[in-house]
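Peer 1: Please read through the structure below; I'll follow up with questions.
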There are 2 protein chains.
Amino acid sequence: MTKKRVTSQDVANLAGVSRTTVSFVLNDAKGFSISPETRQKVVSAAESLNYVPDATAQALASRRAKAIGLVMTRSPHHIATDAFLPQIIGGLMEVIKDNKLRLLIEYVEVEHQDRAYLELARAKHIDGMILLTPRLDDAGLKKLEQVDIPTVLMGHLEGSNFYSVDVDNKLAAQQGVQHLLELGHTQIACITNAPPSYAASPDRVTGYKNALIAAGITPHEDLIRYADFDPESGYIQTKSLLESGNNFTAIFVASDNVAMGVKAALREAGLRIPEDISLVGFDDIPWAQYADPPLTTVHLQAEEMARRACLVLMDLLQGKEPKVKQQIIETHLVVRKSSRKLWL
Amino acid sequence: MTKKRVTSQDVANLAGVSRTTVSFVLNDAKGFSISPETRQKVVSAAESLNYVPDATAQALASRRAKAIGLVMTRSPHHIATDAFLPQIIGGLMEVIKDNKLRLLIEYVEVEHQDRAYLELARAKHIDGMILLTPRLDDAGLKKLEQVDIPTVLMGHLEGSNFYSVDVDNKLAAQQGVQHLLELGHTQIACITNAPPSYAASPDRVTGYKNALIAAGITPHEDLIRYADFDPESGYIQTKSLLESGNNFTAIFVASDNVAMGVKAALREAGLRIPEDISLVGFDDIPWAQYADPPLTTVHLQAEEMARRACLVLMDLLQGKEPKVKQQIIETHLVVRKSSRKLWL
DNA sequence: CTAAACTATTAACGCGTGTTAATAACGCGC
DNA sequence: GCGCGTTATTAACACGCGTTAATAGTTTAG
């Protein structure tokens, strides 16, 4: 048993035809006619040789990598604690396997942001890309916009021209805060999901403020804290909030993952949820419903978002014009046990 | 402004040298000498043209894809609820970026298992692969073993000849159960992480039984239930356990993710943790410490495992013989609040 | 002063496939 | 028997790069 690679030439030889014919048969080339018996000969020859086309050569010749990239700008550490990643990958996978593509995970270091996207595009490793958690201050994205590589944003970037799939962060945040207001809370703190440089973060704060204003309450900057994706940052910001001496009876946390840390800090301070402090999260990560108390939160369909983003990308890859440029996925509040009526 | 791709030929022309020289300079080819001024000319030419080598062509010519694959056998749905995936990807990323490789996520459908691995290997999309959650009954793996593609298993497969990185599942489970025994529990149920076909599952059960036997307690099959990765399966199995009428004062759950569902079922049945039932988990996923009560669990260093597995793979790719064939990563029990002394 | 040994560079081939333009075989009406 | 449209097939080029073997130029050893 020789270890020699089986090429389409071998298949051609065995079938007694040319390599071109083999290619036509295996790719179902349209506009060319091949007799049924020839087709059969080729197919069985390929089968008996266990022929698998060389993806690299195919990519070079066809000028399509047959792969898309999921591009993130976060450090490996933050990637490791991203509660949404599995859902997003799962969602992408579903679409990708139908289109016989592959998924590449790319990680762009902040320092190389200005060049990395372009190189990614130029290197032709991927046919298109899906960008996660874009930052407002990402210089590389501006340049990427000029280049002609199919790109879909998960999230939104003010003033950018990318195709995107996102939730209405303002509205969603407003829904969450609205719920707290309806329960009678008026002193409501806010802890964000991420630093303000990530687009979703200020949007959710705006939603928070809008809800307050609509209820005739003046937002208070002292009640707003910026976390950094992980539970630990939530823990820290909650400490800061508690030590600031500001009064509040509820917290809107713009990320369930961060809320985990918030809960820990509250518990440590002897505050019970929801008896002393009501908590509303954001994201509805899989564990939110199993937390104790189960977390009231704004449900975000991450898997569905990924699926949609991927579908838009598929359209772009096939040269079709996607129907909508900026797609909004619906969110809704899930009321569980971490929030309750304010005692008066 | 034409959108023509910049090739190494363009760089060569601008620098006034041959394409070969360009290749030598850019790849730091050893065994060939190039004068400093020529080198400089090439570098600045490449720079000014914004030259980015075509990865596809490089791969074809060099016969290395410069990418490795993370291969999973689970459905997109299960991928979406995998709490470890981010940690594993994060760990892999860390090693990969140092070696200028890329990460491909591959998903092998169960129905195609027998052929998929081989095609993956033959298609040369990737230079090597890391296999996740191998199944005992996976026919494709047997065939893969014959082929000469660098492969590292995360997990263990009895009787296989793969390089692997794993925890000592038996010992780790024993540690967890031991803890419950020391607290005075004698009636301890067990809910696994996965169906028995996944290698880790029966191993953890064995560890559970061993601990009991060592304490002079006869394991009772009625107290063992097999979950299926997600919280929901934990919920279902716990229901089944409760309805079976068997008495128990503690549960060893071989997966924190599953344990989330177990907690929900217990709470629904009016049982408090740890007052009525002590709970010990397995994995120490990032949210375990933020659960309420914080979960006592066996800590498994997923990120580190991924890192190690990737390092072994790097060795294999470079033709080095890795030091150890089957690497074991240490685990340790983390005692939190979900377990406590049995009232007598 | 010639042979040998190095230095600097390149022409040319190979990687395995997709695809165009050309060829060969074949039936058809006249 | 002759042109002509199909049908079936292939030779040949393109894709962009890595790499070997060979060619000039230049220094060193004998």
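Scheme for the structure tokens: letters A, B, ... for chains in order shown; per-chain residue numbers from 1; ligand numbers from 1 in order shown.
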Return as a PyMOL selection string the residues belonging to chain B that are within 7 Å of chain A, counting only C-alpha atoms.

Peer 2: chain B and resi 52-57+59-60+76-77+79-82+85-87+89-91+93-94+103-105+119+122-125+260-261+264+290-292

Peer 1: Just write the chosen residues, C-alpha atoms, as a tab-separated table (two decimals), in the first residue's frame.

Peer 2:
```
chain	number	residue	atom	x	y	z
B	52	VAL	CA	0.26	39.71	1.09
B	53	PRO	CA	1.16	36.24	-0.10
B	54	ASP	CA	-1.71	34.11	-1.28
B	55	ALA	CA	-2.21	31.58	1.44
B	56	THR	CA	-3.85	29.13	-0.89
B	57	ALA	CA	-0.98	29.09	-3.32
B	59	ALA	CA	-0.36	25.90	0.88
B	60	LEU	CA	-0.39	24.14	-2.44
B	76	PRO	CA	-24.69	22.04	16.27
B	77	HIS	CA	-27.21	22.08	19.06
B	79	ILE	CA	-22.04	22.56	20.29
B	80	ALA	CA	-24.16	25.56	21.19
B	81	THR	CA	-24.52	24.40	24.78
B	82	ASP	CA	-20.96	23.25	25.33
B	85	LEU	CA	-15.79	25.22	23.97
B	86	PRO	CA	-14.69	28.81	24.62
B	87	GLN	CA	-12.01	27.67	27.00
B	89	ILE	CA	-10.73	27.52	21.68
B	90	GLY	CA	-9.04	30.10	23.84
B	91	GLY	CA	-6.37	27.63	24.85
B	93	MET	CA	-5.61	30.10	20.06
B	94	GLU	CA	-2.88	30.94	22.43
B	103	LEU	CA	-7.85	27.20	13.54
B	104	LEU	CA	-10.55	25.40	11.66
B	105	ILE	CA	-13.67	24.19	13.39
B	119	GLU	CA	-11.60	12.88	3.95
B	122	ARG	CA	-6.94	13.60	2.58
B	123	ALA	CA	-8.41	16.93	1.58
B	124	LYS	CA	-5.36	18.51	3.17
B	125	HIS	CA	-7.30	21.41	4.45
B	260	MET	CA	-27.48	23.07	36.50
B	261	GLY	CA	-30.44	21.00	35.43
B	264	ALA	CA	-33.47	22.95	38.96
B	290	TYR	CA	-21.17	32.08	40.77
B	291	ALA	CA	-24.01	29.63	41.05
B	292	ASP	CA	-26.12	29.84	44.14
```

Peer 1: Could you pull the residues within 9 Å of DT9 of chain D, counting only C-alpha atoms (C1' of nucleotides), minus those fewer than 2 positions along the same chain, as a ChimeraX atom specification?

Peer 2: /A:17-18,20-21,34 /C:23-24

Peer 1: Emit the selected residues as a PDB file, in the first residue's frame, including C-alpha atoms (C1' of nucleotides).

Peer 2:
```pdb
ATOM      1  CA  VAL A  17     -10.712   9.395 -19.801  1.00  0.00           C
ATOM      2  CA  SER A  18      -9.056  12.747 -19.420  1.00  0.00           C
ATOM      3  CA  THR A  20     -10.946  17.350 -17.540  1.00  0.00           C
ATOM      4  CA  THR A  21     -13.758  14.874 -17.885  1.00  0.00           C
ATOM      5  CA  ILE A  34     -21.090  13.685 -20.757  1.00  0.00           C
TER       6      ILE A  34
ATOM      7  C1'  DT C  23     -10.967  18.796 -31.751  1.00  0.00           C
ATOM      8  C1'  DA C  24     -13.305  14.560 -33.018  1.00  0.00           C
TER       9       DA C  24
END
```

Peer 1: Can you pull out every residue within 12 Å of segment 20-26 of chain D, counting only C-alpha atoms (C1' of nucleotides), but drop anything in the same chain fewer than 5 positions away, and send it as a list in words?

Peer 2: Thr20 of chain B; DA5, DC6, DT7, DA8, DT9, DT10, DA11, DA12, DC13 and DG14 of chain C

Peer 1: Show me, as number ranges by chain, the residues that have an atom within 12 Å of Gln318 of chain B when counting only C-alpha atoms (C1' of nucleotides), minus same-chain residues fewer than 6 positions from it.

Peer 2: B: 64, 66, 99, 127-128, 150, 311-312

Peer 1: Pick out the closest residue to chain A from this set: C:DA4, C:DT17, C:DC30, C:DA22. Count only C-alpha atoms (C1' of nucleotides).

Peer 2: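 Nearest to chain A: C:DT17.
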
Peer 1: Using only C-alpha atoms (C1' of nucleotides), determine which residues lie at most 8 Å from Thr133 of chain B, disregarding the query and same-chain residues fewer than 5 positions distant; provide the list as JSON, numbers by chain.

Peer 2: {"B": [72, 73, 154, 155, 198, 199]}

Peer 1: Residues of chain C within 9 Å of chain A, counting only C-alpha atoms (C1' of nucleotides) - could you list those as a tab-separated table (two decimals) with C-alpha atoms (C1' of nucleotides), in the first residue's frame?

Peer 2:
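part-v7.tsv written:
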```tsv
chain	number	residue	atom	x	y	z
C	15	DC	C1'	1.86	21.36	-6.55
C	16	DG	C1'	-3.43	19.47	-8.11
C	17	DT	C1'	-7.09	21.46	-9.71
C	18	DG	C1'	-10.75	24.58	-12.72
C	19	DT	C1'	-11.82	26.14	-17.15
```

Peer 1: Please identify which residues in segment 187-255 of chain B DSSP calls helix (DSSP H, G or I) from the backbone, and express them as a VMD selection string.

Peer 2: chain B and resid 200 to 214 221 to 223 231 to 243

Peer 1: Pick out the residues sitting within 12 Å of DC4 of chain D, and hand them over as a VMD selection string; count only C-alpha atoms (C1' of nucleotides), and ignore anything fewer than 6 positions along from it in its own chain.

Peer 2: chain C and resid 26 to 30

Peer 1: Could you produce a table of the residues of chain D lying within 8 Å of chain B, with the nearest pair of atoms per residue and their separation in Å rounded to one decimal, using only C-alpha atoms (C1' of nucleotides), ordered by chain and increasing residue number, as CSV?

Peer 2:
```
residue,atom,partner,partner_atom,distance
D:DC15,C1',B:Ala57,CA,7.6
D:DG16,C1',B:Ala57,CA,5.1
D:DC17,C1',B:Gln58,CA,5.2
D:DG18,C1',B:Ala61,CA,5.3
```

Peer 1: Go ahead and save the picked residues with N, CA and C atoms (P, O5', C5', C4', C3', O3' and C1' of nucleotides), as a CSV table (one decimal), in the first residue's frame.

Peer 2:
```csv
chain,number,residue,atom,x,y,z
D,15,DC,P,-3.7,33.7,-14.2
D,15,DC,O5',-4.3,33.4,-12.8
D,15,DC,C5',-5.2,32.4,-12.5
D,15,DC,C4',-4.9,31.8,-11.1
D,15,DC,C3',-3.6,32.3,-10.4
D,15,DC,O3',-4.0,33.3,-9.5
D,15,DC,C1',-3.8,29.9,-10.3
D,16,DG,P,-3.3,34.7,-9.4
D,16,DG,O5',-2.1,34.4,-8.4
D,16,DG,C5',-2.4,34.1,-7.0
D,16,DG,C4',-1.2,33.4,-6.4
D,16,DG,C3',0.1,34.2,-6.5
D,16,DG,O3',0.6,34.4,-5.2
D,16,DG,C1',0.5,32.0,-7.2
D,17,DC,P,1.9,35.0,-4.7
D,17,DC,O5',2.8,33.8,-4.4
D,17,DC,C5',2.4,33.0,-3.2
D,17,DC,C4',3.1,31.7,-3.3
D,17,DC,C3',4.6,31.6,-3.0
D,17,DC,O3',4.8,31.1,-1.7
D,17,DC,C1',3.9,30.2,-4.9
D,18,DG,P,6.2,31.1,-1.1
D,18,DG,O5',6.7,29.6,-1.5
D,18,DG,C5',6.1,28.5,-0.8
D,18,DG,C4',6.8,27.2,-1.1
D,18,DG,C3',8.3,27.2,-0.7
D,18,DG,O3',8.6,25.9,-0.3
D,18,DG,C1',8.1,26.9,-3.1
```

Peer 1: Could you check how far atom CA of Asp10 of chain A sits from atom CA of Glu47 of chain A, in Å to one decimal?

Peer 2: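 Value for the atom CA of Asp10 of chain A-atom CA of Glu47 of chain A distance: 11.7 Å.
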